[in-house]
$ cat query-v8.txt   # compact mmCIF, N, CA and C atoms and all ligand atoms
# COMPACT_ATOMS: atom_id res chain seq x y z
N MET A 29 198.41 -85.49 116.55
CA MET A 29 197.28 -85.56 115.67
C MET A 29 196.99 -84.19 115.03
N ALA A 30 197.15 -83.13 115.83
CA ALA A 30 196.97 -81.79 115.27
C ALA A 30 198.00 -81.55 114.18
N ALA A 31 199.21 -82.03 114.42
CA ALA A 31 200.27 -81.85 113.43
C ALA A 31 199.95 -82.60 112.14
N PHE A 32 199.39 -83.80 112.29
CA PHE A 32 199.02 -84.58 111.10
C PHE A 32 197.92 -83.86 110.32
N GLY A 33 196.95 -83.31 111.04
CA GLY A 33 195.88 -82.57 110.38
C GLY A 33 196.42 -81.38 109.63
N GLN A 34 197.39 -80.71 110.25
CA GLN A 34 198.01 -79.55 109.61
C GLN A 34 198.75 -79.96 108.34
N LEU A 35 199.46 -81.07 108.45
CA LEU A 35 200.19 -81.59 107.29
C LEU A 35 199.22 -81.94 106.16
N ALA A 36 198.11 -82.59 106.52
CA ALA A 36 197.12 -82.97 105.51
C ALA A 36 196.54 -81.72 104.84
N ASN A 37 196.34 -80.68 105.64
CA ASN A 37 195.81 -79.43 105.07
C ASN A 37 196.79 -78.80 104.10
N LEU A 38 198.07 -78.84 104.47
CA LEU A 38 199.08 -78.18 103.65
C LEU A 38 199.47 -78.99 102.43
N SER A 39 199.25 -80.30 102.48
CA SER A 39 199.78 -81.15 101.41
C SER A 39 198.71 -81.67 100.47
N SER A 40 197.49 -81.23 100.61
CA SER A 40 196.45 -81.70 99.69
C SER A 40 195.72 -80.51 99.08
N GLN A 41 195.18 -80.75 97.90
CA GLN A 41 194.47 -79.68 97.21
C GLN A 41 193.26 -79.21 98.03
N VAL A 42 192.46 -80.19 98.54
CA VAL A 42 191.26 -79.80 99.31
C VAL A 42 191.67 -79.07 100.58
N GLY A 43 192.83 -79.46 101.15
CA GLY A 43 193.31 -78.78 102.35
C GLY A 43 193.68 -77.34 102.05
N LEU A 44 194.36 -77.13 100.92
CA LEU A 44 194.76 -75.78 100.52
C LEU A 44 193.54 -74.92 100.21
N GLU A 45 192.48 -75.57 99.77
CA GLU A 45 191.24 -74.84 99.47
C GLU A 45 190.39 -74.65 100.73
N GLY A 46 190.88 -75.14 101.87
CA GLY A 46 190.14 -75.00 103.11
C GLY A 46 188.96 -75.94 103.21
N LYS A 47 188.96 -77.00 102.43
CA LYS A 47 187.82 -77.92 102.42
C LYS A 47 188.21 -79.32 102.90
N ALA A 48 189.32 -79.42 103.61
CA ALA A 48 189.78 -80.74 104.05
C ALA A 48 188.83 -81.31 105.08
N PRO A 49 188.64 -82.64 105.05
CA PRO A 49 187.84 -83.27 106.10
C PRO A 49 188.51 -83.04 107.46
N LYS A 50 187.71 -82.92 108.50
CA LYS A 50 188.26 -82.70 109.84
C LYS A 50 188.69 -84.05 110.41
N LEU A 51 189.88 -84.07 110.94
CA LEU A 51 190.43 -85.30 111.52
C LEU A 51 190.00 -85.40 112.98
N VAL A 52 189.30 -86.46 113.35
CA VAL A 52 188.88 -86.63 114.75
C VAL A 52 189.27 -88.02 115.25
N ALA A 53 189.57 -88.10 116.53
CA ALA A 53 189.89 -89.38 117.18
C ALA A 53 189.24 -89.34 118.56
N PRO A 54 187.93 -89.59 118.62
CA PRO A 54 187.20 -89.37 119.87
C PRO A 54 187.65 -90.24 121.04
N LEU A 55 188.32 -91.34 120.76
CA LEU A 55 188.69 -92.24 121.86
C LEU A 55 190.13 -92.08 122.31
N VAL A 56 190.85 -91.15 121.64
CA VAL A 56 192.30 -91.11 121.86
C VAL A 56 192.69 -90.77 123.30
N LYS A 57 191.83 -90.03 124.01
CA LYS A 57 192.18 -89.66 125.39
C LYS A 57 191.58 -90.62 126.41
N ASP A 58 190.78 -91.58 125.96
CA ASP A 58 190.16 -92.53 126.88
C ASP A 58 191.12 -93.67 127.19
N SER A 59 191.01 -94.23 128.40
CA SER A 59 191.79 -95.42 128.71
C SER A 59 191.11 -96.61 128.02
N LYS A 60 191.84 -97.71 127.95
CA LYS A 60 191.26 -98.93 127.37
C LYS A 60 190.01 -99.34 128.14
N ALA A 61 190.06 -99.20 129.47
CA ALA A 61 188.89 -99.57 130.28
C ALA A 61 187.71 -98.67 129.93
N ASP A 62 187.96 -97.37 129.72
CA ASP A 62 186.89 -96.45 129.32
C ASP A 62 186.27 -96.90 127.99
N ILE A 63 187.13 -97.29 127.07
CA ILE A 63 186.65 -97.70 125.74
C ILE A 63 185.81 -98.97 125.86
N VAL A 64 186.28 -99.92 126.67
CA VAL A 64 185.53 -101.17 126.86
C VAL A 64 184.18 -100.87 127.51
N ARG A 65 184.19 -100.00 128.53
CA ARG A 65 182.92 -99.63 129.19
C ARG A 65 181.93 -99.04 128.18
N ARG A 66 182.43 -98.14 127.34
CA ARG A 66 181.55 -97.51 126.36
C ARG A 66 181.04 -98.55 125.36
N ALA A 67 181.91 -99.44 124.94
CA ALA A 67 181.49 -100.49 123.99
C ALA A 67 180.39 -101.35 124.61
N LEU A 68 180.55 -101.69 125.89
CA LEU A 68 179.54 -102.51 126.56
C LEU A 68 178.22 -101.76 126.67
N GLN A 69 178.30 -100.46 126.99
CA GLN A 69 177.09 -99.64 127.08
C GLN A 69 176.37 -99.58 125.74
N LEU A 70 177.15 -99.56 124.66
CA LEU A 70 176.57 -99.45 123.32
C LEU A 70 176.12 -100.80 122.78
N GLY A 71 176.38 -101.85 123.54
CA GLY A 71 175.95 -103.17 123.10
C GLY A 71 176.83 -103.81 122.05
N VAL A 72 178.09 -103.38 121.98
CA VAL A 72 179.03 -103.98 121.02
C VAL A 72 179.28 -105.44 121.42
N SER A 73 179.27 -106.33 120.45
CA SER A 73 179.56 -107.74 120.71
C SER A 73 181.07 -107.92 120.83
N ILE A 74 181.59 -107.62 122.01
CA ILE A 74 183.05 -107.65 122.20
C ILE A 74 183.63 -109.03 121.92
N GLN A 75 182.84 -110.06 122.22
CA GLN A 75 183.34 -111.42 121.98
C GLN A 75 183.59 -111.68 120.49
N GLU A 76 183.03 -110.83 119.64
CA GLU A 76 183.25 -111.01 118.21
C GLU A 76 184.35 -110.09 117.67
N THR A 77 184.95 -109.29 118.57
CA THR A 77 186.03 -108.41 118.13
C THR A 77 187.37 -109.06 118.45
N TYR A 78 188.42 -108.48 117.91
CA TYR A 78 189.70 -109.15 117.93
C TYR A 78 190.80 -108.09 117.92
N SER A 79 191.81 -108.27 118.74
CA SER A 79 192.91 -107.33 118.75
C SER A 79 194.19 -108.06 119.14
N CYS A 80 194.91 -108.54 118.14
CA CYS A 80 196.10 -109.36 118.42
C CYS A 80 197.13 -109.10 117.34
N TYR A 81 198.39 -108.95 117.74
CA TYR A 81 199.45 -108.70 116.77
C TYR A 81 199.87 -109.95 116.00
N GLN A 82 199.47 -111.12 116.49
CA GLN A 82 199.97 -112.36 115.88
C GLN A 82 199.27 -112.70 114.56
N GLY A 83 198.04 -112.24 114.40
CA GLY A 83 197.33 -112.49 113.16
C GLY A 83 196.87 -113.93 112.99
N GLU A 84 196.77 -114.66 114.07
CA GLU A 84 196.28 -116.05 113.99
C GLU A 84 194.76 -116.05 114.09
N GLU A 85 194.17 -117.23 113.98
CA GLU A 85 192.71 -117.32 114.03
C GLU A 85 192.17 -116.90 115.39
N LEU A 86 192.87 -117.29 116.45
CA LEU A 86 192.46 -116.93 117.80
C LEU A 86 193.49 -115.98 118.40
N PRO A 87 193.06 -115.04 119.25
CA PRO A 87 194.02 -114.13 119.88
C PRO A 87 194.96 -114.89 120.80
N CYS A 88 196.23 -114.46 120.83
CA CYS A 88 197.26 -115.21 121.57
C CYS A 88 197.17 -114.99 123.07
N GLY A 89 196.67 -113.83 123.50
CA GLY A 89 196.60 -113.55 124.93
C GLY A 89 197.91 -113.07 125.52
N LEU A 90 198.97 -113.07 124.72
CA LEU A 90 200.30 -112.75 125.24
C LEU A 90 200.90 -111.47 124.67
N CYS A 91 200.52 -111.09 123.46
CA CYS A 91 201.13 -109.90 122.85
C CYS A 91 200.63 -108.64 123.57
N ASP A 92 201.28 -107.52 123.32
CA ASP A 92 200.90 -106.27 124.00
C ASP A 92 199.44 -105.92 123.76
N SER A 93 198.98 -106.12 122.54
CA SER A 93 197.61 -105.75 122.21
C SER A 93 196.62 -106.62 122.99
N CYS A 94 196.87 -107.92 123.02
CA CYS A 94 196.01 -108.82 123.80
C CYS A 94 196.07 -108.48 125.28
N ARG A 95 197.27 -108.18 125.78
CA ARG A 95 197.42 -107.90 127.22
C ARG A 95 196.63 -106.65 127.60
N LEU A 96 196.73 -105.59 126.80
CA LEU A 96 196.00 -104.35 127.10
C LEU A 96 194.49 -104.59 127.07
N ARG A 97 194.06 -105.32 126.07
CA ARG A 97 192.63 -105.60 125.92
C ARG A 97 192.12 -106.47 127.08
N ASP A 98 192.85 -107.53 127.36
CA ASP A 98 192.42 -108.43 128.44
C ASP A 98 192.43 -107.72 129.78
N ARG A 99 193.44 -106.90 130.02
CA ARG A 99 193.52 -106.16 131.29
C ARG A 99 192.30 -105.24 131.43
N ALA A 100 191.96 -104.53 130.35
CA ALA A 100 190.81 -103.63 130.39
C ALA A 100 189.52 -104.40 130.65
N LEU A 101 189.35 -105.54 130.00
CA LEU A 101 188.14 -106.35 130.21
C LEU A 101 188.06 -106.82 131.66
N CYS A 102 189.19 -107.21 132.23
CA CYS A 102 189.20 -107.64 133.63
C CYS A 102 188.89 -106.45 134.54
N GLU A 103 189.46 -105.29 134.23
CA GLU A 103 189.26 -104.10 135.08
C GLU A 103 187.79 -103.67 135.13
N VAL A 104 187.07 -103.86 134.03
CA VAL A 104 185.66 -103.44 134.03
C VAL A 104 184.73 -104.56 134.48
N GLY A 105 185.32 -105.65 134.96
CA GLY A 105 184.49 -106.71 135.52
C GLY A 105 183.94 -107.69 134.50
N ARG A 106 184.59 -107.75 133.33
CA ARG A 106 184.16 -108.72 132.32
C ARG A 106 185.33 -109.63 131.91
N PRO A 107 185.93 -110.30 132.89
CA PRO A 107 187.04 -111.21 132.55
C PRO A 107 186.59 -112.36 131.67
N ASP A 108 185.27 -112.62 131.66
CA ASP A 108 184.75 -113.69 130.80
C ASP A 108 184.97 -113.40 129.31
N LEU A 109 185.17 -112.11 128.99
CA LEU A 109 185.38 -111.74 127.58
C LEU A 109 186.87 -111.71 127.23
N ALA A 110 187.72 -111.85 128.22
CA ALA A 110 189.17 -111.85 127.97
C ALA A 110 189.61 -113.25 127.54
N THR A 111 190.82 -113.34 127.00
CA THR A 111 191.36 -114.66 126.68
C THR A 111 191.69 -115.38 127.99
N GLN A 112 191.71 -116.68 127.93
CA GLN A 112 191.99 -117.46 129.14
C GLN A 112 193.41 -117.16 129.64
N ILE A 113 194.36 -117.09 128.72
CA ILE A 113 195.74 -116.77 129.09
C ILE A 113 195.80 -115.39 129.73
N GLY A 114 195.15 -114.41 129.08
CA GLY A 114 195.14 -113.04 129.58
C GLY A 114 194.53 -112.96 130.97
N ARG A 115 193.47 -113.71 131.17
CA ARG A 115 192.81 -113.73 132.48
C ARG A 115 193.75 -114.26 133.56
N SER A 116 194.44 -115.34 133.25
CA SER A 116 195.33 -115.91 134.28
C SER A 116 196.51 -114.99 134.54
N ILE A 117 197.03 -114.31 133.51
CA ILE A 117 198.13 -113.36 133.74
C ILE A 117 197.63 -112.21 134.60
N TYR A 118 196.43 -111.72 134.30
CA TYR A 118 195.86 -110.62 135.09
C TYR A 118 195.71 -111.04 136.54
N ASN A 119 195.20 -112.25 136.74
CA ASN A 119 195.02 -112.74 138.11
C ASN A 119 196.35 -112.86 138.84
N LEU A 120 197.38 -113.30 138.11
CA LEU A 120 198.71 -113.40 138.72
C LEU A 120 199.23 -112.02 139.11
N GLU A 121 199.03 -111.04 138.19
CA GLU A 121 199.53 -109.69 138.42
C GLU A 121 198.82 -109.00 139.58
N THR A 122 197.53 -109.23 139.70
CA THR A 122 196.74 -108.46 140.67
C THR A 122 196.33 -109.27 141.88
N GLY A 123 196.53 -110.58 141.80
CA GLY A 123 196.07 -111.43 142.90
C GLY A 123 194.56 -111.59 142.90
N ALA A 124 193.92 -111.19 141.79
CA ALA A 124 192.46 -111.33 141.70
C ALA A 124 192.10 -112.80 141.64
N SER A 125 190.88 -113.11 142.03
CA SER A 125 190.51 -114.53 142.10
C SER A 125 189.57 -114.95 140.97
N HIS A 126 189.14 -114.02 140.10
CA HIS A 126 188.24 -114.43 139.04
C HIS A 126 188.91 -114.49 137.69
ZN ZN B 201 197.84 -111.39 120.83
$ encode --input "query-v8.txt" --output "structure tokens"
Amino acid sequence: MAAFGQLANLSSQVGLEGKAPKLVAPLVKDSKADIVRRALQLGVSIQETYSCYQGEELPCGLCDSCRLRDRALCEVGRPDLATQIGRSIYNLETGASH
């Protein structure tokens, strides 16, 4: 990310003038579970969010994006917000009962 910021500074007029916007990614070092915890603390309606590579109306629960999201939701104790498929895979993987 630092390299990208440097490139943006060197390759744009505002960057060369020292007026480039600062590039920030505040969540980049957080785990998915950390991000979910923060979203819940902030009152984000997670049930209305979506993260799936398939691009269908409903999340597939099987792609990498769904798996990471569902695993994080299960880890923070909110399996009810995960997809049903993701929940059952998580339970199989961990032997969890919920
Ligand atoms: Zn998916």
$ atom_distance --input "query-v8.txt" --atom1 "CA of Gln82 (chain A)" --atom2 "CA of Arg97 (chain A)"
14.2 Å
$ closest_atom_pairs --input "query-v8.txt" --of "chain A" --to "ligand ZN 201 (chain B)" --cutoff "8 Å" --atoms "only C-alpha atoms and all ligand atoms" --output "JSON lines"
{"residue": "A:Ser79", "atom": "CA", "partner": "B:ZN201", "partner_atom": "ZN", "distance": 6.7}
{"residue": "A:Cys80", "atom": "CA", "partner": "B:ZN201", "partner_atom": "ZN", "distance": 3.6}
{"residue": "A:Tyr81", "atom": "CA", "partner": "B:ZN201", "partner_atom": "ZN", "distance": 5.1}
{"residue": "A:Gln82", "atom": "CA", "partner": "B:ZN201", "partner_atom": "ZN", "distance": 5.5}
{"residue": "A:Gly83", "atom": "CA", "partner": "B:ZN201", "partner_atom": "ZN", "distance": 7.8}
{"residue": "A:Pro87", "atom": "CA", "partner": "B:ZN201", "partner_atom": "ZN", "distance": 4.8}
{"residue": "A:Cys88", "atom": "CA", "partner": "B:ZN201", "partner_atom": "ZN", "distance": 3.9}
{"residue": "A:Gly89", "atom": "CA", "partner": "B:ZN201", "partner_atom": "ZN", "distance": 4.8}
{"residue": "A:Leu90", "atom": "CA", "partner": "B:ZN201", "partner_atom": "ZN", "distance": 5.2}
{"residue": "A:Cys91", "atom": "CA", "partner": "B:ZN201", "partner_atom": "ZN", "distance": 4.1}
{"residue": "A:Asp92", "atom": "CA", "partner": "B:ZN201", "partner_atom": "ZN", "distance": 6.8}
{"residue": "A:Ser93", "atom": "CA", "partner": "B:ZN201", "partner_atom": "ZN", "distance": 5.8}
{"residue": "A:Cys94", "atom": "CA", "partner": "B:ZN201", "partner_atom": "ZN", "distance": 4.3}
{"residue": "A:Arg95", "atom": "CA", "partner": "B:ZN201", "partner_atom": "ZN", "distance": 7.3}
$ write_last_selection --input "query-v8.txt" --atoms "N, CA and C atoms" --output "PDB file, in the coordinates of the input"
ATOM      1  N   SER A  79     191.810-108.270 118.740  1.00  0.00           N
ATOM      2  CA  SER A  79     192.910-107.330 118.750  1.00  0.00           C
ATOM      3  C   SER A  79     194.190-108.060 119.140  1.00  0.00           C
ATOM      4  N   CYS A  80     194.910-108.540 118.140  1.00  0.00           N
ATOM      5  CA  CYS A  80     196.100-109.360 118.420  1.00  0.00           C
ATOM      6  C   CYS A  80     197.130-109.100 117.340  1.00  0.00           C
ATOM      7  N   TYR A  81     198.390-108.950 117.740  1.00  0.00           N
ATOM      8  CA  TYR A  81     199.450-108.700 116.770  1.00  0.00           C
ATOM      9  C   TYR A  81     199.870-109.950 116.000  1.00  0.00           C
ATOM     10  N   GLN A  82     199.470-111.120 116.490  1.00  0.00           N
ATOM     11  CA  GLN A  82     199.970-112.360 115.880  1.00  0.00           C
ATOM     12  C   GLN A  82     199.270-112.700 114.560  1.00  0.00           C
ATOM     13  N   GLY A  83     198.040-112.240 114.400  1.00  0.00           N
ATOM     14  CA  GLY A  83     197.330-112.490 113.160  1.00  0.00           C
ATOM     15  C   GLY A  83     196.870-113.930 112.990  1.00  0.00           C
ATOM     16  N   PRO A  87     193.060-115.040 119.250  1.00  0.00           N
ATOM     17  CA  PRO A  87     194.020-114.130 119.880  1.00  0.00           C
ATOM     18  C   PRO A  87     194.960-114.890 120.800  1.00  0.00           C
ATOM     19  N   CYS A  88     196.230-114.460 120.830  1.00  0.00           N
ATOM     20  CA  CYS A  88     197.260-115.210 121.570  1.00  0.00           C
ATOM     21  C   CYS A  88     197.170-114.990 123.070  1.00  0.00           C
ATOM     22  N   GLY A  89     196.670-113.830 123.500  1.00  0.00           N
ATOM     23  CA  GLY A  89     196.600-113.550 124.930  1.00  0.00           C
ATOM     24  C   GLY A  89     197.910-113.070 125.520  1.00  0.00           C
ATOM     25  N   LEU A  90     198.970-113.070 124.720  1.00  0.00           N
ATOM     26  CA  LEU A  90     200.300-112.750 125.240  1.00  0.00           C
ATOM     27  C   LEU A  90     200.900-111.470 124.670  1.00  0.00           C
ATOM     28  N   CYS A  91     200.520-111.090 123.460  1.00  0.00           N
ATOM     29  CA  CYS A  91     201.130-109.900 122.850  1.00  0.00           C
ATOM     30  C   CYS A  91     200.630-108.640 123.570  1.00  0.00           C
ATOM     31  N   ASP A  92     201.280-107.520 123.320  1.00  0.00           N
ATOM     32  CA  ASP A  92     200.900-106.270 124.000  1.00  0.00           C
ATOM     33  C   ASP A  92     199.440-105.920 123.760  1.00  0.00           C
ATOM     34  N   SER A  93     198.980-106.120 122.540  1.00  0.00           N
ATOM     35  CA  SER A  93     197.610-105.750 122.210  1.00  0.00           C
ATOM     36  C   SER A  93     196.620-106.620 122.990  1.00  0.00           C
ATOM     37  N   CYS A  94     196.870-107.920 123.020  1.00  0.00           N
ATOM     38  CA  CYS A  94     196.010-108.820 123.800  1.00  0.00           C
ATOM     39  C   CYS A  94     196.070-108.480 125.280  1.00  0.00           C
ATOM     40  N   ARG A  95     197.270-108.180 125.780  1.00  0.00           N
ATOM     41  CA  ARG A  95     197.420-107.900 127.220  1.00  0.00           C
ATOM     42  C   ARG A  95     196.630-106.650 127.600  1.00  0.00           C
TER      43      ARG A  95
END
$ residues_around --input "query-v8.txt" --residues "Asn119 (chain A)" --least-positions-apart "4" --cutoff "12 Å" --atoms "only C-alpha atoms" --output "PyMOL selection string"
chain A and resi 98-99+102-103+107+110+112-115+123-126
$ atom_distance --input "query-v8.txt" --atom1 "atom C of Ala30 (chain A)" --atom2 "atom C of Leu51 (chain A)"
9.0 Å
$ atom_distance --input "query-v8.txt" --atom1 "CA of Ile74 (chain A)" --atom2 "atom N of Leu96 (chain A)"
14.6 Å
$ axis_aligned_box --input "query-v8.txt" --around "region 100-103 of chain A" --padding-each-side "3 Å" --output "AutoDock Vina command-line options"
--center_x 189.9 --center_y -105.6 --center_z 132.6 --size_x 10.2 --size_y 10.0 --size_z 11.1
$ closest_residue --input "query-v8.txt" --among "A:Leu35, A:Val72, A:Ala100, A:Leu86" --to "Ser59 (chain A)" --atoms "all atoms listed in the file"
A:Ala100
$ closest_residue --input "query-v8.txt" --among "A:Gln75, A:Glu45, A:Leu101, A:Gln34" --to "Asp62 (chain A)" --atoms "only C-alpha atoms"
A:Leu101
